[in-house]
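Okay, coords.cif is below, mmCIF, N, CA and C atoms:
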```cif
data_model
loop_
_atom_site.group_PDB
_atom_site.id
_atom_site.type_symbol
_atom_site.label_atom_id
_atom_site.label_comp_id
_atom_site.auth_asym_id
_atom_site.auth_seq_id
_atom_site.Cartn_x
_atom_site.Cartn_y
_atom_site.Cartn_z
ATOM 1 N N MET A 9 -17.325 28.148 17.924
ATOM 2 C CA MET A 9 -17.708 26.787 18.248
ATOM 3 C C MET A 9 -18.082 26.002 16.988
ATOM 4 N N LYS A 10 -18.678 26.661 16.018
ATOM 5 C CA LYS A 10 -19.060 25.963 14.792
ATOM 6 C C LYS A 10 -17.839 25.489 14.013
ATOM 7 N N ASN A 11 -16.748 26.251 14.064
ATOM 8 C CA ASN A 11 -15.519 25.813 13.388
ATOM 9 C C ASN A 11 -14.979 24.539 14.025
ATOM 10 N N TYR A 12 -15.024 24.482 15.349
ATOM 11 C CA TYR A 12 -14.551 23.296 16.058
ATOM 12 C C TYR A 12 -15.371 22.075 15.666
ATOM 13 N N ILE A 13 -16.675 22.235 15.593
ATOM 14 C CA ILE A 13 -17.552 21.124 15.231
ATOM 15 C C ILE A 13 -17.275 20.671 13.798
ATOM 16 N N ALA A 14 -17.073 21.628 12.892
ATOM 17 C CA ALA A 14 -16.790 21.286 11.495
ATOM 18 C C ALA A 14 -15.444 20.566 11.368
ATOM 19 N N ILE A 15 -14.453 21.022 12.100
ATOM 20 C CA ILE A 15 -13.124 20.399 12.034
ATOM 21 C C ILE A 15 -13.166 18.997 12.642
ATOM 22 N N SER A 16 -13.789 18.852 13.797
ATOM 23 C CA SER A 16 -13.849 17.525 14.417
ATOM 24 C C SER A 16 -14.693 16.572 13.571
ATOM 25 N N GLY A 17 -15.766 17.048 12.965
ATOM 26 C CA GLY A 17 -16.556 16.206 12.071
ATOM 27 C C GLY A 17 -15.755 15.762 10.868
ATOM 28 N N SER A 18 -14.941 16.660 10.336
ATOM 29 C CA SER A 18 -14.094 16.312 9.187
ATOM 30 C C SER A 18 -13.046 15.271 9.566
ATOM 31 N N ILE A 19 -12.450 15.416 10.733
ATOM 32 C CA ILE A 19 -11.448 14.448 11.183
ATOM 33 C C ILE A 19 -12.089 13.083 11.397
ATOM 34 N N PHE A 20 -13.268 13.056 12.022
ATOM 35 C CA PHE A 20 -13.958 11.778 12.200
ATOM 36 C C PHE A 20 -14.311 11.145 10.855
ATOM 37 N N ALA A 21 -14.708 11.962 9.885
ATOM 38 C CA ALA A 21 -15.038 11.438 8.556
ATOM 39 C C ALA A 21 -13.800 10.862 7.875
ATOM 40 N N ILE A 22 -12.659 11.508 8.008
ATOM 41 C CA ILE A 22 -11.416 11.006 7.416
ATOM 42 C C ILE A 22 -11.010 9.682 8.052
ATOM 43 N N VAL A 23 -11.122 9.594 9.363
ATOM 44 C CA VAL A 23 -10.777 8.343 10.056
ATOM 45 C C VAL A 23 -11.746 7.228 9.657
ATOM 46 N N ALA A 24 -13.034 7.554 9.547
ATOM 47 C CA ALA A 24 -14.011 6.554 9.112
ATOM 48 C C ALA A 24 -13.687 6.071 7.701
ATOM 49 N N PHE A 25 -13.307 6.989 6.824
ATOM 50 C CA PHE A 25 -12.947 6.621 5.459
ATOM 51 C C PHE A 25 -11.706 5.727 5.446
ATOM 52 N N ALA A 26 -10.749 6.010 6.309
ATOM 53 C CA ALA A 26 -9.542 5.177 6.386
ATOM 54 C C ALA A 26 -9.901 3.757 6.839
ATOM 55 N N HIS A 27 -10.804 3.632 7.797
ATOM 56 C CA HIS A 27 -11.232 2.304 8.234
ATOM 57 C C HIS A 27 -12.002 1.589 7.129
ATOM 58 N N LEU A 28 -12.802 2.329 6.377
ATOM 59 C CA LEU A 28 -13.518 1.729 5.259
ATOM 60 C C LEU A 28 -12.547 1.216 4.199
ATOM 61 N N LEU A 29 -11.509 1.980 3.927
ATOM 62 C CA LEU A 29 -10.489 1.526 2.968
ATOM 63 C C LEU A 29 -9.802 0.261 3.466
ATOM 64 N N ARG A 30 -9.527 0.202 4.760
ATOM 65 C CA ARG A 30 -8.903 -1.003 5.313
ATOM 66 C C ARG A 30 -9.830 -2.202 5.158
ATOM 67 N N ILE A 31 -11.117 -1.993 5.383
ATOM 68 C CA ILE A 31 -12.081 -3.083 5.254
ATOM 69 C C ILE A 31 -12.157 -3.560 3.810
ATOM 70 N N ILE A 32 -12.228 -2.629 2.874
ATOM 71 C CA ILE A 32 -12.376 -2.984 1.457
ATOM 72 C C ILE A 32 -11.109 -3.642 0.912
ATOM 73 N N ASP A 33 -9.955 -3.057 1.202
ATOM 74 C CA ASP A 33 -8.697 -3.564 0.646
ATOM 75 C C ASP A 33 -8.060 -4.676 1.475
ATOM 76 N N GLY A 34 -8.543 -4.893 2.691
ATOM 77 C CA GLY A 34 -7.991 -5.948 3.529
ATOM 78 C C GLY A 34 -6.602 -5.645 4.057
ATOM 79 N N TRP A 35 -6.317 -4.372 4.299
ATOM 80 C CA TRP A 35 -4.996 -3.999 4.806
ATOM 81 C C TRP A 35 -4.756 -4.619 6.173
ATOM 82 N N GLU A 36 -3.545 -5.086 6.364
ATOM 83 C CA GLU A 36 -3.164 -5.657 7.651
ATOM 84 C C GLU A 36 -2.474 -4.572 8.485
ATOM 85 N N VAL A 37 -2.896 -4.451 9.722
ATOM 86 C CA VAL A 37 -2.289 -3.501 10.648
ATOM 87 C C VAL A 37 -1.606 -4.297 11.747
ATOM 88 N N ILE A 38 -0.343 -3.977 11.989
ATOM 89 C CA ILE A 38 0.414 -4.672 13.025
ATOM 90 C C ILE A 38 0.901 -3.642 14.038
ATOM 91 N N VAL A 39 0.564 -3.893 15.286
ATOM 92 C CA VAL A 39 0.986 -3.017 16.376
ATOM 93 C C VAL A 39 1.757 -3.870 17.371
ATOM 94 N N ASN A 40 3.005 -3.524 17.564
ATOM 95 C CA ASN A 40 3.835 -4.230 18.547
ATOM 96 C C ASN A 40 3.903 -5.736 18.242
ATOM 97 N N ASP A 41 4.101 -6.066 16.979
ATOM 98 C CA ASP A 41 4.197 -7.441 16.499
ATOM 99 C C ASP A 41 2.903 -8.242 16.668
ATOM 100 N N GLN A 42 1.767 -7.555 16.856
ATOM 101 C CA GLN A 42 0.463 -8.205 16.961
ATOM 102 C C GLN A 42 -0.435 -7.688 15.843
ATOM 103 N N ALA A 43 -1.076 -8.583 15.118
ATOM 104 C CA ALA A 43 -2.008 -8.186 14.066
ATOM 105 C C ALA A 43 -3.311 -7.696 14.704
ATOM 106 N N VAL A 44 -3.791 -6.553 14.237
ATOM 107 C CA VAL A 44 -5.052 -6.009 14.735
ATOM 108 C C VAL A 44 -6.183 -6.690 13.967
ATOM 109 N N PRO A 45 -7.153 -7.280 14.684
ATOM 110 C CA PRO A 45 -8.239 -7.980 14.005
ATOM 111 C C PRO A 45 -9.086 -7.032 13.147
ATOM 112 N N MET A 46 -9.646 -7.568 12.074
ATOM 113 C CA MET A 46 -10.437 -6.759 11.159
ATOM 114 C C MET A 46 -11.724 -6.250 11.808
ATOM 115 N N HIS A 47 -12.276 -6.994 12.778
ATOM 116 C CA HIS A 47 -13.526 -6.554 13.386
ATOM 117 C C HIS A 47 -13.354 -5.235 14.149
ATOM 118 N N ILE A 48 -12.144 -4.887 14.517
ATOM 119 C CA ILE A 48 -11.887 -3.595 15.145
ATOM 120 C C ILE A 48 -12.189 -2.473 14.161
ATOM 121 N N SER A 49 -11.842 -2.658 12.905
ATOM 122 C CA SER A 49 -12.118 -1.636 11.895
ATOM 123 C C SER A 49 -13.606 -1.524 11.600
ATOM 124 N N TYR A 50 -14.326 -2.634 11.658
ATOM 125 C CA TYR A 50 -15.777 -2.548 11.476
ATOM 126 C C TYR A 50 -16.402 -1.678 12.566
ATOM 127 N N PHE A 51 -16.017 -1.965 13.810
ATOM 128 C CA PHE A 51 -16.538 -1.180 14.929
ATOM 129 C C PHE A 51 -16.104 0.282 14.830
ATOM 130 N N ALA A 52 -14.836 0.515 14.513
ATOM 131 C CA ALA A 52 -14.318 1.884 14.433
ATOM 132 C C ALA A 52 -14.953 2.659 13.280
ATOM 133 N N PHE A 53 -15.227 1.973 12.164
ATOM 134 C CA PHE A 53 -15.896 2.628 11.039
ATOM 135 C C PHE A 53 -17.282 3.115 11.444
ATOM 136 N N VAL A 54 -18.033 2.269 12.116
ATOM 137 C CA VAL A 54 -19.380 2.649 12.542
ATOM 138 C C VAL A 54 -19.311 3.774 13.571
ATOM 139 N N ALA A 55 -18.417 3.646 14.549
ATOM 140 C CA ALA A 55 -18.327 4.647 15.615
ATOM 141 C C ALA A 55 -17.894 6.012 15.082
ATOM 142 N N THR A 56 -16.831 6.046 14.289
ATOM 143 C CA THR A 56 -16.363 7.339 13.780
ATOM 144 C C THR A 56 -17.315 7.903 12.733
ATOM 145 N N GLY A 57 -17.966 7.031 11.975
ATOM 146 C CA GLY A 57 -18.964 7.502 11.017
ATOM 147 C C GLY A 57 -20.139 8.159 11.722
ATOM 148 N N LEU A 58 -20.611 7.546 12.792
ATOM 149 C CA LEU A 58 -21.708 8.136 13.551
ATOM 150 C C LEU A 58 -21.299 9.458 14.203
ATOM 151 N N LEU A 59 -20.082 9.523 14.708
ATOM 152 C CA LEU A 59 -19.608 10.782 15.291
ATOM 153 C C LEU A 59 -19.500 11.882 14.236
ATOM 154 N N ALA A 60 -19.083 11.538 13.031
ATOM 155 C CA ALA A 60 -18.998 12.525 11.948
ATOM 156 C C ALA A 60 -20.390 13.021 11.566
ATOM 157 N N VAL A 61 -21.331 12.094 11.444
ATOM 158 C CA VAL A 61 -22.711 12.493 11.116
ATOM 159 C C VAL A 61 -23.287 13.370 12.211
ATOM 160 N N TRP A 62 -23.041 13.002 13.447
ATOM 161 C CA TRP A 62 -23.544 13.773 14.577
ATOM 162 C C TRP A 62 -22.966 15.195 14.559
ATOM 163 N N ALA A 63 -21.689 15.323 14.255
ATOM 164 C CA ALA A 63 -21.045 16.644 14.213
ATOM 165 C C ALA A 63 -21.634 17.499 13.093
ATOM 166 N N PHE A 64 -21.819 16.906 11.928
ATOM 167 C CA PHE A 64 -22.333 17.693 10.808
ATOM 168 C C PHE A 64 -23.813 18.025 10.959
ATOM 169 N N ARG A 65 -24.565 17.180 11.641
ATOM 170 C CA ARG A 65 -25.993 17.469 11.855
ATOM 171 C C ARG A 65 -26.183 18.541 12.919
ATOM 172 N N SER A 66 -25.272 18.653 13.872
ATOM 173 C CA SER A 66 -25.423 19.650 14.938
ATOM 174 C C SER A 66 -24.870 21.003 14.539
ATOM 175 N N LYS A 67 -24.247 21.090 13.385
ATOM 176 C CA LYS A 67 -23.648 22.328 12.902
ATOM 177 C C LYS A 67 -24.636 23.316 12.457
#
```
How does the structure come out when it is put into structure tokens?
Amino acid sequence: MKNYIAISGSIFAIVAFAHLLRIIDGWEVIVNDQAVPMHISYFAFVATGLLAVWAFRSK
């Protein structure tokens, strides 16, 4: 079970880092010819960051 928690925490941390890079560099994401608003990355950064912290603290 500890391996699962470590792996899921690492994946959440990588996704949070990707959202942080998008926020810093201003990358545009287009899905189905629609631009994804930047505030989605702010929310996703906080959510995945908190999930990563939670996983590593419970390990």
Check your understanding: With only C-alpha atoms as the basis for distance, which of A:Ala52, A:Leu58, A:Ile13, A:Ala63 is at the shortest distance from Leu28 of chain A?
Key ->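 For Leu28 of chain A, the nearest of the candidates is A:Ala52.
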Exercise for review: Give me every strand (DSSP E or B) residue in chain A, going by DSSP on the backbone, as a list of chain:residue names.
Suggested key: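 The strand (DSSP E or B) subset of chain A is A:Ile38, A:Val39, A:Gln42, A:Ala43.
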**Study point:** Selected residue, from A:His47, A:Val61, A:Thr56, A:Ile38, that lies nearest to Phe25 of chain A when counting only C-alpha atoms
**Key:**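 The shortest atom-to-atom distance to Phe25 of chain A comes from A:Thr56.
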Box along x, y and z, 5 Å on every side, all listed atoms of segment 44-62 of chain A inside: centre and edge lengths in Å to one decimal, as JSON.
```
{"center_x": -13.7, "center_y": 3.6, "center_z": 13.3, "size_x": 29.8, "size_y": 33.2, "size_z": 14.6}
```
Point to revise | Residue contacts of Val37 of chain A (12 Å, only C-alpha atoms) excluding same-chain residues fewer than 5 positions away, as a list of chain:residue names | key: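 Non-adjacent residues within range: A:His27, A:Arg30, A:Ile31, A:Gln42, A:Ala43, A:Val44, A:Pro45, A:Met46, A:His47, A:Ile48, A:Ser49.
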What would the file look like if the residues just selected were written as a PDB file, in the coordinates of the input with N, CA and C atoms?
```
ATOM      1  N   HIS A  27     -10.804   3.632   7.797  1.00  0.00           N
ATOM      2  CA  HIS A  27     -11.232   2.304   8.234  1.00  0.00           C
ATOM      3  C   HIS A  27     -12.002   1.589   7.129  1.00  0.00           C
ATOM      4  N   ARG A  30      -9.527   0.202   4.760  1.00  0.00           N
ATOM      5  CA  ARG A  30      -8.903  -1.003   5.313  1.00  0.00           C
ATOM      6  C   ARG A  30      -9.830  -2.202   5.158  1.00  0.00           C
ATOM      7  N   ILE A  31     -11.117  -1.993   5.383  1.00  0.00           N
ATOM      8  CA  ILE A  31     -12.081  -3.083   5.254  1.00  0.00           C
ATOM      9  C   ILE A  31     -12.157  -3.560   3.810  1.00  0.00           C
ATOM     10  N   GLN A  42       1.767  -7.555  16.856  1.00  0.00           N
ATOM     11  CA  GLN A  42       0.463  -8.205  16.961  1.00  0.00           C
ATOM     12  C   GLN A  42      -0.435  -7.688  15.843  1.00  0.00           C
ATOM     13  N   ALA A  43      -1.076  -8.583  15.118  1.00  0.00           N
ATOM     14  CA  ALA A  43      -2.008  -8.186  14.066  1.00  0.00           C
ATOM     15  C   ALA A  43      -3.311  -7.696  14.704  1.00  0.00           C
ATOM     16  N   VAL A  44      -3.791  -6.553  14.237  1.00  0.00           N
ATOM     17  CA  VAL A  44      -5.052  -6.009  14.735  1.00  0.00           C
ATOM     18  C   VAL A  44      -6.183  -6.690  13.967  1.00  0.00           C
ATOM     19  N   PRO A  45      -7.153  -7.280  14.684  1.00  0.00           N
ATOM     20  CA  PRO A  45      -8.239  -7.980  14.005  1.00  0.00           C
ATOM     21  C   PRO A  45      -9.086  -7.032  13.147  1.00  0.00           C
ATOM     22  N   MET A  46      -9.646  -7.568  12.074  1.00  0.00           N
ATOM     23  CA  MET A  46     -10.437  -6.759  11.159  1.00  0.00           C
ATOM     24  C   MET A  46     -11.724  -6.250  11.808  1.00  0.00           C
ATOM     25  N   HIS A  47     -12.276  -6.994  12.778  1.00  0.00           N
ATOM     26  CA  HIS A  47     -13.526  -6.554  13.386  1.00  0.00           C
ATOM     27  C   HIS A  47     -13.354  -5.235  14.149  1.00  0.00           C
ATOM     28  N   ILE A  48     -12.144  -4.887  14.517  1.00  0.00           N
ATOM     29  CA  ILE A  48     -11.887  -3.595  15.145  1.00  0.00           C
ATOM     30  C   ILE A  48     -12.189  -2.473  14.161  1.00  0.00           C
ATOM     31  N   SER A  49     -11.842  -2.658  12.905  1.00  0.00           N
ATOM     32  CA  SER A  49     -12.118  -1.636  11.895  1.00  0.00           C
ATOM     33  C   SER A  49     -13.606  -1.524  11.600  1.00  0.00           C
TER      34      SER A  49
END
```
Check your understanding: Could you name the residues that touch Phe64 of chain A at 7 Å or less, counting all atoms listed in the file, but leaving out those on the same chain fewer than 4 positions away, as JSON, numbers by chain?
Key -> {"A": [13, 14, 17, 59, 60]}
Exercise for review: Have a look at atom C of Tyr12 of chain A and atom C of Gly57 of chain A and let me know their distance in Å, one decimal.
Suggested key: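 Atom-to-atom, atom C of Tyr12 of chain A to atom C of Gly57 of chain A, that is 15.2 Å.
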Point to revise | Distance query Ala26 of chain A at most 8 Å, only N, CA and C atoms, self and fewer than 6 positions along chain excluded, as a list in words | key: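 Once the adjacent positions are removed, what remains is Phe20, Ile32, Ser49 and Phe53 of chain A.
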Point to revise | In segment 9-41 of chain A, DSSP helix (DSSP H, G or I) residues written as a list in words | key: Lys10, Asn11, Tyr12, Ile13, Ala14, Ile15, Ser16, Gly17, Ser18, Ile19, Phe20, Ala21, Ile22, Val23, Ala24, Phe25, Ala26, His27, Leu28, Leu29, Arg30, Ile31, Ile32 and Asp33 of chain A
